[in-house]
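Shown next: model16.cif, given as mmCIF, C-alpha atoms and all ligand atoms.
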data_work
loop_
_atom_site.group_PDB
_atom_site.id
_atom_site.type_symbol
_atom_site.label_atom_id
_atom_site.label_comp_id
_atom_site.auth_asym_id
_atom_site.auth_seq_id
_atom_site.Cartn_x
_atom_site.Cartn_y
_atom_site.Cartn_z
ATOM 1 C CA MET A 23 21.261 -15.754 79.559
ATOM 2 C CA LYS A 24 19.193 -12.785 78.493
ATOM 3 C CA ALA A 25 22.035 -11.490 76.352
ATOM 4 C CA PHE A 26 22.065 -14.339 73.906
ATOM 5 C CA TRP A 27 18.285 -14.405 73.463
ATOM 6 C CA THR A 28 18.421 -10.771 72.414
ATOM 7 C CA LYS A 29 21.334 -11.473 70.126
ATOM 8 C CA THR A 30 19.547 -14.439 68.612
ATOM 9 C CA THR A 31 16.504 -12.338 67.799
ATOM 10 C CA ARG A 32 18.651 -9.788 66.059
ATOM 11 C CA GLN A 33 20.500 -12.451 64.103
ATOM 12 C CA SER A 34 17.195 -13.981 63.155
ATOM 13 C CA GLU A 35 15.926 -10.689 61.756
ATOM 14 C CA LYS A 36 19.138 -10.279 59.836
ATOM 15 C CA LYS A 37 18.730 -13.755 58.376
ATOM 16 C CA GLN A 38 15.185 -12.967 57.323
ATOM 17 C CA GLU A 39 16.473 -9.901 55.487
ATOM 18 C CA THR A 40 19.100 -11.832 53.581
ATOM 19 C CA ARG A 41 16.570 -14.457 52.546
ATOM 20 C CA ARG A 42 14.275 -11.868 50.967
ATOM 21 C CA SER A 43 16.335 -11.877 47.807
ATOM 22 C CA GLY A 44 14.867 -15.245 46.872
ATOM 23 C CA LEU A 45 15.540 -18.942 47.245
ATOM 24 C CA PRO A 46 18.508 -19.706 49.433
ATOM 25 C CA THR A 47 21.239 -21.405 47.473
ATOM 26 C CA ARG A 48 23.938 -22.213 49.980
ATOM 27 C CA PRO A 49 23.104 -25.115 52.281
ATOM 28 C CA GLN A 50 23.836 -24.408 55.935
ATOM 29 C CA LEU A 51 24.262 -26.361 59.116
ATOM 30 C CA GLY A 52 21.941 -29.337 59.215
ATOM 31 C CA MET A 53 21.642 -29.689 55.476
ATOM 32 C CA GLU A 54 25.273 -30.696 55.251
ATOM 33 C CA SER A 55 24.514 -33.728 57.336
ATOM 34 C CA LEU A 56 21.403 -34.369 55.277
ATOM 35 C CA GLU A 57 23.506 -34.449 52.128
ATOM 36 C CA ALA A 58 26.021 -36.789 53.686
ATOM 37 C CA ARG A 59 23.487 -39.598 53.693
ATOM 38 C CA GLU A 60 22.687 -41.256 50.440
ATOM 39 C CA LEU A 61 20.372 -44.027 49.297
ATOM 40 C CA TYR A 62 17.211 -42.032 49.904
ATOM 41 C CA ALA A 63 14.307 -42.858 47.656
ATOM 42 C CA GLY A 64 10.584 -43.416 47.792
ATOM 43 C CA ASN A 65 7.793 -40.932 47.606
ATOM 44 C CA VAL A 66 6.592 -38.249 49.981
ATOM 45 C CA LEU A 67 3.115 -36.774 49.700
ATOM 46 C CA ALA A 68 2.821 -33.116 50.675
ATOM 47 C CA SER A 69 -0.350 -31.061 50.844
ATOM 48 C CA VAL A 70 -2.178 -28.514 53.000
ATOM 49 C CA SER A 71 -5.385 -29.752 54.613
ATOM 50 C CA SER A 72 -8.629 -27.767 54.824
ATOM 51 C CA VAL A 73 -7.705 -26.674 58.355
ATOM 52 C CA GLY A 74 -4.267 -25.464 57.318
ATOM 53 C CA THR A 75 -2.121 -28.398 58.393
ATOM 54 C CA LEU A 76 0.823 -29.040 56.117
ATOM 55 C CA LEU A 77 0.764 -32.831 55.832
ATOM 56 C CA ILE A 78 3.952 -34.604 54.824
ATOM 57 C CA THR A 79 3.594 -38.356 54.470
ATOM 58 C CA GLY A 80 6.421 -40.692 53.521
ATOM 59 C CA ASP A 81 6.501 -44.364 52.622
ATOM 60 C CA ASN A 82 8.502 -47.345 53.882
ATOM 61 C CA SER A 83 11.535 -46.392 51.774
ATOM 62 C CA SER A 84 14.221 -44.148 53.263
ATOM 63 C CA ASN A 85 12.904 -40.631 52.645
ATOM 64 C CA CYS A 86 14.792 -37.372 52.966
ATOM 65 C CA VAL A 87 12.627 -34.274 53.012
ATOM 66 C CA ALA A 88 12.967 -30.723 54.287
ATOM 67 C CA VAL A 89 10.791 -27.675 54.858
ATOM 68 C CA ASP A 90 12.539 -24.370 54.240
ATOM 69 C CA GLN A 91 11.390 -20.768 54.088
ATOM 70 C CA TYR A 92 12.039 -17.871 51.774
ATOM 71 C CA THR A 93 10.380 -14.608 50.830
ATOM 72 C CA ASP A 94 9.089 -13.961 47.327
ATOM 73 C CA GLY A 95 7.606 -10.559 46.420
ATOM 74 C CA GLY A 96 7.133 -9.725 50.094
ATOM 75 C CA VAL A 97 5.243 -12.952 50.803
ATOM 76 C CA LYS A 98 6.798 -15.536 53.093
ATOM 77 C CA LYS A 99 6.655 -19.020 51.624
ATOM 78 C CA LEU A 100 7.217 -22.490 53.031
ATOM 79 C CA TRP A 101 8.994 -24.796 50.626
ATOM 80 C CA VAL A 102 8.786 -28.603 50.898
ATOM 81 C CA HIS A 103 11.516 -30.337 48.949
ATOM 82 C CA ALA A 104 13.692 -33.425 48.830
ATOM 83 C CA CYS A 105 17.217 -33.139 50.237
ATOM 84 C CA PRO A 106 19.756 -31.889 47.681
ATOM 85 C CA GLY A 107 20.953 -34.594 45.341
ATOM 86 C CA ASP A 108 18.701 -37.414 46.487
ATOM 87 C CA THR A 109 15.935 -39.266 44.731
ATOM 88 C CA THR A 110 13.048 -38.891 47.161
ATOM 89 C CA LYS A 111 10.041 -37.920 45.038
ATOM 90 C CA ILE A 112 7.584 -35.239 46.147
ATOM 91 C CA ASN A 113 3.974 -36.045 45.215
ATOM 92 C CA GLY A 114 5.207 -38.747 42.862
ATOM 93 C CA VAL A 115 7.598 -36.579 40.847
ATOM 94 C CA LEU A 116 11.374 -36.542 41.045
ATOM 95 C CA GLY A 117 12.637 -32.998 41.704
ATOM 96 C CA ALA A 118 9.162 -31.662 42.490
ATOM 97 C CA GLN A 119 8.443 -29.325 45.376
ATOM 98 C CA LEU A 120 5.454 -27.879 47.180
ATOM 99 C CA ILE A 121 5.493 -24.144 47.838
ATOM 100 C CA VAL A 122 2.750 -22.611 49.972
ATOM 101 C CA PRO A 123 2.285 -19.187 51.586
ATOM 102 C CA LYS A 124 3.512 -19.435 55.169
ATOM 103 C CA GLY A 125 0.311 -17.693 56.319
ATOM 104 C CA ALA A 126 -1.796 -20.589 54.996
ATOM 105 C CA VAL A 127 -0.050 -23.102 57.266
ATOM 106 C CA LYS A 128 -1.310 -23.408 60.848
ATOM 107 C CA GLY A 129 0.724 -26.472 61.752
ATOM 108 C CA ILE A 130 2.967 -29.115 60.236
ATOM 109 C CA SER A 131 2.550 -32.862 60.646
ATOM 110 C CA ALA A 132 5.186 -35.141 59.115
ATOM 111 C CA SER A 133 4.930 -38.919 59.163
ATOM 112 C CA LEU A 134 7.749 -40.755 57.390
ATOM 113 C CA ALA A 135 6.998 -44.424 58.261
ATOM 114 C CA GLY A 136 9.640 -47.178 57.930
ATOM 115 C CA GLY A 137 13.082 -46.719 56.420
ATOM 116 C CA ASP A 138 16.034 -44.575 57.493
ATOM 117 C CA ASP A 139 14.376 -41.191 57.130
ATOM 118 C CA THR A 140 15.606 -37.635 57.523
ATOM 119 C CA PHE A 141 13.394 -34.624 58.165
ATOM 120 C CA GLY A 142 14.782 -31.113 58.210
ATOM 121 C CA PHE A 143 12.969 -27.986 59.334
ATOM 122 C CA GLY A 144 14.764 -24.867 58.145
ATOM 123 C CA PRO A 145 18.117 -26.476 57.350
ATOM 124 C CA GLN A 146 18.852 -23.707 54.829
ATOM 125 C CA GLY A 147 18.871 -20.797 57.264
ATOM 126 C CA GLY A 148 15.725 -21.365 59.320
ATOM 127 C CA ALA A 149 11.990 -21.561 58.891
ATOM 128 C CA SER A 150 9.034 -20.686 61.060
ATOM 129 C CA VAL A 151 5.546 -22.036 61.492
ATOM 130 C CA ASP A 152 2.539 -20.298 63.093
ATOM 131 C CA GLY A 153 1.557 -23.375 65.066
ATOM 132 C CA PHE A 154 2.706 -26.884 65.919
ATOM 133 C CA LEU A 155 5.411 -28.999 64.321
ATOM 134 C CA SER A 156 4.955 -32.725 64.768
ATOM 135 C CA MET A 157 7.221 -35.435 63.370
ATOM 136 C CA SER A 158 6.645 -39.163 63.511
ATOM 137 C CA MET A 159 9.630 -40.893 61.938
ATOM 138 C CA GLY A 160 8.597 -44.546 62.262
ATOM 139 C CA SER A 161 11.074 -47.415 62.533
ATOM 140 C CA GLY A 162 14.588 -47.227 61.075
ATOM 141 C CA LYS A 163 17.629 -45.014 61.706
ATOM 142 C CA ASP A 164 15.978 -41.635 61.512
ATOM 143 C CA GLN A 165 17.309 -38.117 61.756
ATOM 144 C CA VAL A 166 15.545 -34.870 62.660
ATOM 145 C CA ASP A 167 17.246 -31.503 62.192
ATOM 146 C CA ILE A 168 15.625 -28.299 63.378
ATOM 147 C CA GLY A 169 17.781 -25.714 61.620
ATOM 148 C CA ALA A 170 19.275 -22.541 62.908
ATOM 149 C CA TYR A 171 16.950 -19.556 63.420
ATOM 150 C CA SER A 172 13.853 -21.717 63.208
ATOM 151 C CA GLU A 173 10.735 -20.782 65.137
ATOM 152 C CA ILE A 174 7.926 -23.102 66.121
ATOM 153 C CA ASN A 175 5.056 -20.961 67.412
ATOM 154 C CA GLY A 176 3.292 -23.878 69.036
ATOM 155 C CA LYS A 177 4.121 -27.351 70.308
ATOM 156 C CA LEU A 178 7.099 -29.310 69.025
ATOM 157 C CA SER A 179 6.693 -33.105 68.992
ATOM 158 C CA ILE A 180 9.384 -35.462 67.762
ATOM 159 C CA ASN A 181 8.882 -39.217 67.817
ATOM 160 C CA THR A 182 11.608 -41.287 66.193
ATOM 161 C CA SER A 183 10.493 -44.709 67.442
ATOM 162 C CA SER A 184 12.771 -47.783 67.196
ATOM 163 C CA GLY A 185 16.193 -47.656 65.507
ATOM 164 C CA ASP A 186 19.339 -45.612 66.210
ATOM 165 C CA ASP A 187 18.054 -42.066 65.790
ATOM 166 C CA LYS A 188 19.478 -38.545 65.866
ATOM 167 C CA VAL A 189 17.612 -35.404 66.899
ATOM 168 C CA HIS A 190 19.339 -32.053 66.587
ATOM 169 C CA LEU A 191 18.038 -28.586 67.514
ATOM 170 C CA GLU A 192 20.214 -25.527 67.079
ATOM 171 C CA VAL A 193 19.338 -21.836 67.567
ATOM 172 C CA ALA A 194 15.668 -22.736 67.547
ATOM 173 C CA THR A 195 12.761 -21.180 69.427
ATOM 174 C CA VAL A 196 9.701 -23.133 70.540
ATOM 175 C CA THR A 197 6.910 -21.113 72.150
ATOM 176 C CA SER A 198 4.959 -24.031 73.617
ATOM 177 C CA ASN A 199 5.991 -27.444 74.979
ATOM 178 C CA THR A 200 8.697 -29.627 73.475
ATOM 179 C CA VAL A 201 8.263 -33.413 73.553
ATOM 180 C CA ILE A 202 10.995 -35.695 72.237
ATOM 181 C CA ASN A 203 10.617 -39.483 72.275
ATOM 182 C CA THR A 204 13.355 -41.477 70.562
ATOM 183 C CA GLY A 205 12.157 -45.002 71.410
ATOM 184 C CA SER A 206 14.492 -47.986 71.554
ATOM 185 C CA GLY A 207 17.940 -48.019 69.928
ATOM 186 C CA LYS A 208 21.140 -46.002 70.373
ATOM 187 C CA ASP A 209 19.713 -42.520 70.143
ATOM 188 C CA LYS A 210 21.420 -39.150 70.204
ATOM 189 C CA VAL A 211 19.634 -35.921 71.107
ATOM 190 C CA GLU A 212 21.258 -32.498 70.946
ATOM 191 C CA VAL A 213 19.692 -29.178 71.985
ATOM 192 C CA LYS A 214 22.322 -26.533 71.362
ATOM 193 C CA SER A 215 23.424 -22.983 70.630
ATOM 194 C CA ALA A 216 20.907 -20.555 72.088
ATOM 195 C CA THR A 217 17.865 -22.714 71.578
ATOM 196 C CA TYR A 218 15.018 -21.291 73.662
ATOM 197 C CA LEU A 219 12.282 -23.709 74.684
ATOM 198 C CA LYS A 220 9.659 -21.478 76.300
ATOM 199 C CA GLY A 221 7.288 -24.226 77.451
ATOM 200 C CA HIS A 222 7.874 -27.493 79.278
ATOM 201 C CA LEU A 223 10.504 -29.910 78.042
ATOM 202 C CA TYR A 224 9.998 -33.672 78.036
ATOM 203 C CA ILE A 225 12.648 -36.015 76.670
ATOM 204 C CA ASP A 226 12.536 -39.816 76.802
ATOM 205 C CA THR A 227 15.324 -41.603 74.934
ATOM 206 C CA GLY A 228 13.976 -45.077 75.746
ATOM 207 C CA THR A 229 16.011 -48.245 76.057
ATOM 208 C CA GLY A 230 19.427 -48.520 74.406
ATOM 209 C CA THR A 231 22.696 -46.655 74.966
ATOM 210 C CA ASP A 232 21.646 -43.048 74.481
ATOM 211 C CA GLN A 233 23.408 -39.696 74.462
ATOM 212 C CA LEU A 234 21.754 -36.415 75.400
ATOM 213 C CA HIS A 235 23.513 -33.067 75.150
ATOM 214 C CA LEU A 236 21.808 -29.891 76.353
ATOM 215 C CA GLN A 237 24.132 -26.965 75.734
ATOM 216 C CA ASN A 238 24.026 -23.125 75.777
ATOM 217 C CA SER A 239 20.233 -23.072 75.771
ATOM 218 C CA ALA A 240 17.299 -22.185 77.985
ATOM 219 C CA VAL A 241 14.057 -23.813 79.117
ATOM 220 C CA GLY A 242 11.192 -21.665 80.421
ATOM 221 C CA GLY A 243 8.981 -24.449 81.781
ATOM 222 C CA THR A 244 9.707 -27.589 83.761
ATOM 223 C CA SER A 245 12.053 -30.252 82.377
ATOM 224 C CA LEU A 246 11.582 -33.996 82.701
ATOM 225 C CA ILE A 247 14.338 -36.125 81.206
ATOM 226 C CA LYS A 248 14.360 -39.924 81.094
ATOM 227 C CA THR A 249 17.051 -41.945 79.369
ATOM 228 C CA GLY A 250 15.594 -45.416 79.906
ATOM 229 C CA ASP A 251 17.565 -48.582 80.546
ATOM 230 C CA ASP A 252 21.166 -49.307 79.431
ATOM 231 C CA SER A 253 24.257 -47.067 79.685
ATOM 232 C CA ASP A 254 23.355 -43.463 78.970
ATOM 233 C CA LEU A 255 25.320 -40.229 78.820
ATOM 234 C CA VAL A 256 23.701 -36.914 79.717
ATOM 235 C CA CYS A 257 25.587 -33.598 79.475
ATOM 236 C CA ILE A 258 23.987 -30.414 80.783
ATOM 237 C CA ASP A 259 26.344 -27.627 79.820
ATOM 238 C CA HIS A 260 25.777 -23.859 80.126
ATOM 239 C CA MET A 261 22.005 -24.280 80.421
ATOM 240 C CA ALA A 262 19.435 -22.007 82.090
ATOM 241 C CA PHE A 263 16.329 -23.604 83.566
ATOM 242 C CA ASP A 264 13.557 -21.345 84.912
ATOM 243 C CA LYS A 265 11.568 -24.155 86.531
ATOM 244 C CA ALA A 266 12.058 -27.591 88.111
ATOM 245 C CA VAL A 267 14.322 -30.135 86.424
ATOM 246 C CA GLU A 268 14.197 -33.901 86.952
ATOM 247 C CA VAL A 269 16.590 -36.373 85.329
ATOM 248 C CA TYR A 270 16.119 -40.148 85.525
ATOM 249 C CA LEU A 271 18.902 -42.218 84.020
ATOM 250 C CA GLY A 272 17.206 -45.622 84.082
ATOM 251 C CA ASP A 273 18.687 -48.982 84.994
ATOM 252 C CA ALA A 274 22.155 -49.798 83.705
ATOM 253 C CA THR A 275 22.762 -53.398 84.628
ATOM 254 C CA GLY A 276 25.172 -55.983 83.256
ATOM 255 C CA PHE A 277 28.876 -56.011 82.432
ATOM 256 C CA LEU A 278 30.373 -52.487 82.179
ATOM 257 C CA ALA A 279 26.971 -50.824 82.154
ATOM 258 C CA PHE A 280 26.604 -47.438 83.859
ATOM 259 C CA ASP A 281 25.081 -44.009 83.308
ATOM 260 C CA VAL A 282 26.990 -40.728 83.316
ATOM 261 C CA LEU A 283 25.494 -37.326 84.218
ATOM 262 C CA ASP A 284 27.647 -34.216 83.916
ATOM 263 C CA VAL A 285 26.134 -30.870 84.914
ATOM 264 C CA HIS A 286 28.243 -27.759 84.631
ATOM 265 C CA ASP A 287 28.016 -23.959 84.295
ATOM 266 C CA SER A 288 24.232 -24.125 84.471
ATOM 267 C CA THR A 289 21.570 -22.180 86.349
ATOM 268 C CA PHE A 290 18.585 -23.793 88.021
ATOM 269 C CA LYS A 291 15.960 -21.327 89.252
ATOM 270 C CA GLY A 292 13.672 -24.151 90.363
ATOM 271 C CA SER A 293 14.488 -27.483 91.968
ATOM 272 C CA PHE A 294 16.912 -30.023 90.530
ATOM 273 C CA LYS A 295 16.597 -33.763 91.021
ATOM 274 C CA ALA A 296 18.840 -36.396 89.439
ATOM 275 C CA ASP A 297 18.322 -40.122 89.946
ATOM 276 C CA GLY A 298 20.927 -42.546 88.553
ATOM 277 C CA GLU A 299 18.632 -45.484 89.313
ATOM 278 C CA ALA A 300 20.206 -48.972 89.151
ATOM 279 C CA GLY A 301 23.836 -49.446 88.046
ATOM 280 C CA GLY A 302 27.253 -48.053 89.041
ATOM 281 C CA ASP A 303 26.483 -44.557 87.845
ATOM 282 C CA ILE A 304 28.760 -41.505 87.651
ATOM 283 C CA TYR A 305 27.839 -37.910 88.560
ATOM 284 C CA ASP A 306 29.862 -34.770 88.033
ATOM 285 C CA ALA A 307 28.785 -31.190 88.769
ATOM 286 C CA ASP A 308 30.824 -27.984 88.470
ATOM 287 C CA ASN A 309 30.102 -24.237 88.539
ATOM 288 C CA ASN A 310 26.331 -24.487 88.744
ATOM 289 C CA THR A 311 23.883 -22.126 90.438
ATOM 290 C CA PHE A 312 21.110 -23.890 92.318
ATOM 291 C CA ASN A 313 18.379 -21.735 93.879
ATOM 292 C CA VAL A 314 17.155 -24.820 95.725
ATOM 293 C CA ALA A 315 19.477 -27.477 97.180
ATOM 294 C CA PRO A 316 19.785 -30.198 94.498
ATOM 295 C CA VAL A 317 18.601 -33.745 95.202
ATOM 296 C CA VAL A 318 21.024 -36.266 93.718
ATOM 297 C CA MET A 319 20.569 -39.984 94.373
ATOM 298 C CA ASN A 320 21.692 -43.421 93.242
ATOM 299 C CA PHE A 321 25.050 -42.347 91.859
ATOM 300 C CA GLU A 322 27.926 -44.539 92.953
ATOM 301 C CA SER A 323 30.862 -42.385 91.789
ATOM 302 C CA TYR A 324 31.526 -38.651 91.888
ATOM 303 C CA VAL A 325 34.443 -38.003 89.560
ATOM 304 C CA ASP A 326 35.651 -35.139 87.400
ATOM 305 C CA ILE A 327 34.791 -35.895 83.782
ATOM 306 C CA ASP A 328 34.838 -33.985 80.513
ATOM 307 C CA CYS A 329 31.450 -34.605 79.013
ATOM 308 C CA ASP A 330 32.318 -33.147 75.605
ATOM 309 C CA LYS A 331 35.025 -35.756 75.137
ATOM 310 C CA LEU A 332 32.705 -38.595 76.056
ATOM 311 C CA PHE A 333 30.020 -37.363 73.698
ATOM 312 C CA SER A 334 30.589 -38.789 70.249
HETATM 313 CA CA CA B 401 10.172 -43.718 55.197
HETATM 314 CA CA CA B 402 11.664 -44.277 59.671
HETATM 315 CA CA CA B 403 15.218 -44.938 68.589
#
What would the structure in this file look like if it were written as structure tokens?
Amino acid sequence: MKAFWTKTTRQSEKKQETRRSGLPTRPQLGMESLEARELYAGNVLASVSSVGTLLITGDNSSNCVAVDQYTDGGVKKLWVHACPGDTTKINGVLGAQLIVPKGAVKGISASLAGGDDTFGFGPQGGASVDGFLSMSMGSGKDQVDIGAYSEINGKLSINTSSGDDKVHLEVATVTSNTVINTGSGKDKVEVKSATYLKGHLYIDTGTGTDQLHLQNSAVGGTSLIKTGDDSDLVCIDHMAFDKAVEVYLGDATGFLAFDVLDVHDSTFKGSFKADGEAGGDIYDADNNTFNVAPVVMNFESYVDIDCDKLFS
């Protein structure tokens, strides 16, 4: 696992170099999915508080807002803007943006209220913050994208509340704990592509048929994963966990309700416990390294499955 962390750091530095020429122009990764959604509107207030918190506050319309980073005259800047092509206003003005020196921001707190909101952090090539990043997306079908090469030098908190939500992290680094709560609804959480979560990881996808994909990434602290009631799908694929991991799949009761847990090509340096809880649940494990004998309970079927095909 060490190899890809090193590689990621180098790629990150390279990215920083290329961004020094000015504002990024070509949308990458997450921003494509941001653009795909239309009908955004409303107003988002953005300002930096006296203690250096970048406050981003939406309204009950569907807001689409992103924080990106670029370097101007040797000074790193954070850039709050609406998603390309949409009509979300920033501080009451269509097409407006807030640009602040990155050094003046000690944390970011975004609160987007009702509506089907999207929040992107570094969708155009990555951004970093010298402190926490906290997102509260309110009700509605919300989407959070933590873009490639992003760094959160503090705690990452994502709360998407009720509604069918999507949370996506890719090639991101978080130096402190990561807490993801997606509330009720059919939620989808992805942590992928050399994401390195150095602190503890807590994920609770709440009630509803949820999908969780942890892939090609590493967690330095303990991991506690809960998928709540209803039929859930959890894929743990090419992951490295330094500390204890516990997965609770919640009750899946009723006609054709069951949870699926697929764990493959992963390394567990601490203990591993998986509990299917109620329901006719399915467990599959292949090519893993467990330093401690795994504890697996309340699964009714052990069958060979291809998690990637089930994940939609
Ligand atoms: Ca909103
Ligand atoms: Ca919302
Ligand atoms: Ca939800």
Mind dumping a table of every chain A residue within 6 Å of ligand CA 402 (chain B), with the nearest atom pair and its distance in Å to one decimal, using only C-alpha atoms and all ligand atoms, sorted by chain and rising number, as a tab-separated table?
residue	atom	partner	partner_atom	distance
A:Leu134	CA	B:CA402	CA	5.7
A:Ala135	CA	B:CA402	CA	4.9
A:Gly136	CA	B:CA402	CA	3.9
A:Gly137	CA	B:CA402	CA	4.3
A:Asp138	CA	B:CA402	CA	4.9
A:Asp139	CA	B:CA402	CA	4.8
A:Met159	CA	B:CA402	CA	4.6
A:Gly160	CA	B:CA402	CA	4.0
A:Ser161	CA	B:CA402	CA	4.3
A:Gly162	CA	B:CA402	CA	4.4
A:Asp164	CA	B:CA402	CA	5.4
Hits of the PyMOL selection byres (((chain A and resi 182-188) around 12) and not hetatm) in this structure, as number ranges by chain: A: 52, 55-56, 132-142, 156-168, 179-181, 189-191, 201-213, 225-235, 334
Those selected residues, please, written with C-alpha atoms and delivered as a compact mmCIF listing (two decimals), keeping the file's coordinate frame.
# COMPACT_ATOMS: atom_id res chain seq x y z
CA GLY A 52 21.94 -29.34 59.22
CA SER A 55 24.51 -33.73 57.34
CA LEU A 56 21.40 -34.37 55.28
CA ALA A 132 5.19 -35.14 59.12
CA SER A 133 4.93 -38.92 59.16
CA LEU A 134 7.75 -40.76 57.39
CA ALA A 135 7.00 -44.42 58.26
CA GLY A 136 9.64 -47.18 57.93
CA GLY A 137 13.08 -46.72 56.42
CA ASP A 138 16.03 -44.58 57.49
CA ASP A 139 14.38 -41.19 57.13
CA THR A 140 15.61 -37.64 57.52
CA PHE A 141 13.39 -34.62 58.16
CA GLY A 142 14.78 -31.11 58.21
CA SER A 156 4.96 -32.72 64.77
CA MET A 157 7.22 -35.44 63.37
CA SER A 158 6.64 -39.16 63.51
CA MET A 159 9.63 -40.89 61.94
CA GLY A 160 8.60 -44.55 62.26
CA SER A 161 11.07 -47.42 62.53
CA GLY A 162 14.59 -47.23 61.08
CA LYS A 163 17.63 -45.01 61.71
CA ASP A 164 15.98 -41.64 61.51
CA GLN A 165 17.31 -38.12 61.76
CA VAL A 166 15.54 -34.87 62.66
CA ASP A 167 17.25 -31.50 62.19
CA ILE A 168 15.62 -28.30 63.38
CA SER A 179 6.69 -33.10 68.99
CA ILE A 180 9.38 -35.46 67.76
CA ASN A 181 8.88 -39.22 67.82
CA VAL A 189 17.61 -35.40 66.90
CA HIS A 190 19.34 -32.05 66.59
CA LEU A 191 18.04 -28.59 67.51
CA VAL A 201 8.26 -33.41 73.55
CA ILE A 202 11.00 -35.70 72.24
CA ASN A 203 10.62 -39.48 72.28
CA THR A 204 13.36 -41.48 70.56
CA GLY A 205 12.16 -45.00 71.41
CA SER A 206 14.49 -47.99 71.55
CA GLY A 207 17.94 -48.02 69.93
CA LYS A 208 21.14 -46.00 70.37
CA ASP A 209 19.71 -42.52 70.14
CA LYS A 210 21.42 -39.15 70.20
CA VAL A 211 19.63 -35.92 71.11
CA GLU A 212 21.26 -32.50 70.95
CA VAL A 213 19.69 -29.18 71.98
CA ILE A 225 12.65 -36.02 76.67
CA ASP A 226 12.54 -39.82 76.80
CA THR A 227 15.32 -41.60 74.93
CA GLY A 228 13.98 -45.08 75.75
CA THR A 229 16.01 -48.24 76.06
CA GLY A 230 19.43 -48.52 74.41
CA THR A 231 22.70 -46.66 74.97
CA ASP A 232 21.65 -43.05 74.48
CA GLN A 233 23.41 -39.70 74.46
CA LEU A 234 21.75 -36.42 75.40
CA HIS A 235 23.51 -33.07 75.15
CA SER A 334 30.59 -38.79 70.25
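Across the model, the gap from atom CA of A:Thr217 to atom CA of A:Val66 is 28.9 Å.
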Gap from atom CA of A:Met319 to atom CA of A:Glu299 - Å, one decimal: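 Separation of atom CA of A:Met319 and atom CA of A:Glu299: 7.7 Å.
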Result set, the PyMOL selection byres (((chain A and resi 269) around 9) and not hetatm) on current file, as a ChimeraX atom specification: /A:245-249,267-268,270-271,294-298
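The space separating atom CA of A:Glu192 from atom CA of A:His286 comes to 19.4 Å.
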Name the residues, using the chain letters and numbers of the file, that sit within 8 Å of (19.4, -22.5, 60.6) when counting all atoms listed in the file, and give them as a PDB file with C-alpha atoms, in the frame of the given file.
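Contents of the output file point35.pdb:
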ATOM      1  CA  GLN A  50      23.836 -24.408  55.935  1.00  0.00           C
ATOM      2  CA  LEU A  51      24.262 -26.361  59.116  1.00  0.00           C
ATOM      3  CA  GLY A  52      21.941 -29.337  59.215  1.00  0.00           C
ATOM      4  CA  GLY A 144      14.764 -24.867  58.145  1.00  0.00           C
ATOM      5  CA  PRO A 145      18.117 -26.476  57.350  1.00  0.00           C
ATOM      6  CA  GLN A 146      18.852 -23.707  54.829  1.00  0.00           C
ATOM      7  CA  GLY A 147      18.871 -20.797  57.264  1.00  0.00           C
ATOM      8  CA  GLY A 148      15.725 -21.365  59.320  1.00  0.00           C
ATOM      9  CA  ALA A 149      11.990 -21.561  58.891  1.00  0.00           C
ATOM     10  CA  ILE A 168      15.625 -28.299  63.378  1.00  0.00           C
ATOM     11  CA  GLY A 169      17.781 -25.714  61.620  1.00  0.00           C
ATOM     12  CA  ALA A 170      19.275 -22.541  62.908  1.00  0.00           C
ATOM     13  CA  TYR A 171      16.950 -19.556  63.420  1.00  0.00           C
ATOM     14  CA  SER A 172      13.853 -21.717  63.208  1.00  0.00           C
ATOM     15  CA  GLU A 192      20.214 -25.527  67.079  1.00  0.00           C
ATOM     16  CA  VAL A 193      19.338 -21.836  67.567  1.00  0.00           C
ATOM     17  CA  ALA A 194      15.668 -22.736  67.547  1.00  0.00           C
TER      18      ALA A 194
END
Selection: 10 Å around A:Thr275, all atoms listed in the file, excl. self and same-chain fewer than 2 positions, as an NGL selection string: :A and (251-253 or 272-273 or 277-281 or 300-302)
Residue contacts of A:Tyr305 (10 Å, all atoms listed in the file) excluding same-chain residues fewer than 6 positions away, as JSON, numbers by chain: {"A": [256, 281, 282, 283, 284, 285, 296, 297, 298, 318, 319, 320, 321, 322, 323, 324, 325, 326, 327]}
Residue nearest A:Ser293 among A:Ala274, A:Ile112, A:Ala315, A:Ala68 (counting all atoms listed in the file):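 For A:Ser293, the nearest of the given residues is A:Ala315.
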Near-A:Thr200 list (8 Å; all atoms listed in the file; drop same-chain fewer than 5 positions) as a VMD selection string: chain A and resid 177 to 179 219 221 to 224
Counting only C-alpha atoms and all ligand atoms, the residue of A:Thr110, A:Thr195, A:Asn309, A:Ser131 that sits nearest ligand CA 401 (chain B):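 So, comparing all the options, the nearest one is A:Thr110.
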Residue contacts of A:Lys265 (6 Å, only C-alpha atoms) excluding same-chain residues fewer than 6 positions away, as a list in words: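 My reading of the contact set: Gly243, Thr244, Lys291 and Gly292 of chain A.
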From A:Ala88, A:Leu236, A:Val122, A:Val127, residue lying nearest A:Val73 [only C-alpha atoms]: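 Selected residue with least distance to A:Val73: A:Val127.
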Box time for stretch 75-87 of chain A: axis-aligned, enclosing all its listed atoms, 3 Å extra on each side; report centre and edge lengths in Å to one decimal, as AutoDock Vina command-line options.
--center_x 6.3 --center_y -37.9 --center_z 55.1 --size_x 22.9 --size_y 24.9 --size_z 12.6
Residues within 6 Å of A:Ile174, only C-alpha atoms, excluding chain neighbours under 4 positions, as JSON, numbers by chain: {"A": [150, 151, 196]}
Selected residues written out, C-alpha atoms, as an mmCIF file, in the coordinates of the input:
data_model
loop_
_atom_site.group_PDB
_atom_site.id
_atom_site.type_symbol
_atom_site.label_atom_id
_atom_site.label_comp_id
_atom_site.auth_asym_id
_atom_site.auth_seq_id
_atom_site.Cartn_x
_atom_site.Cartn_y
_atom_site.Cartn_z
ATOM 1 C CA SER A 150 9.034 -20.686 61.060
ATOM 2 C CA VAL A 151 5.546 -22.036 61.492
ATOM 3 C CA VAL A 196 9.701 -23.133 70.540
#
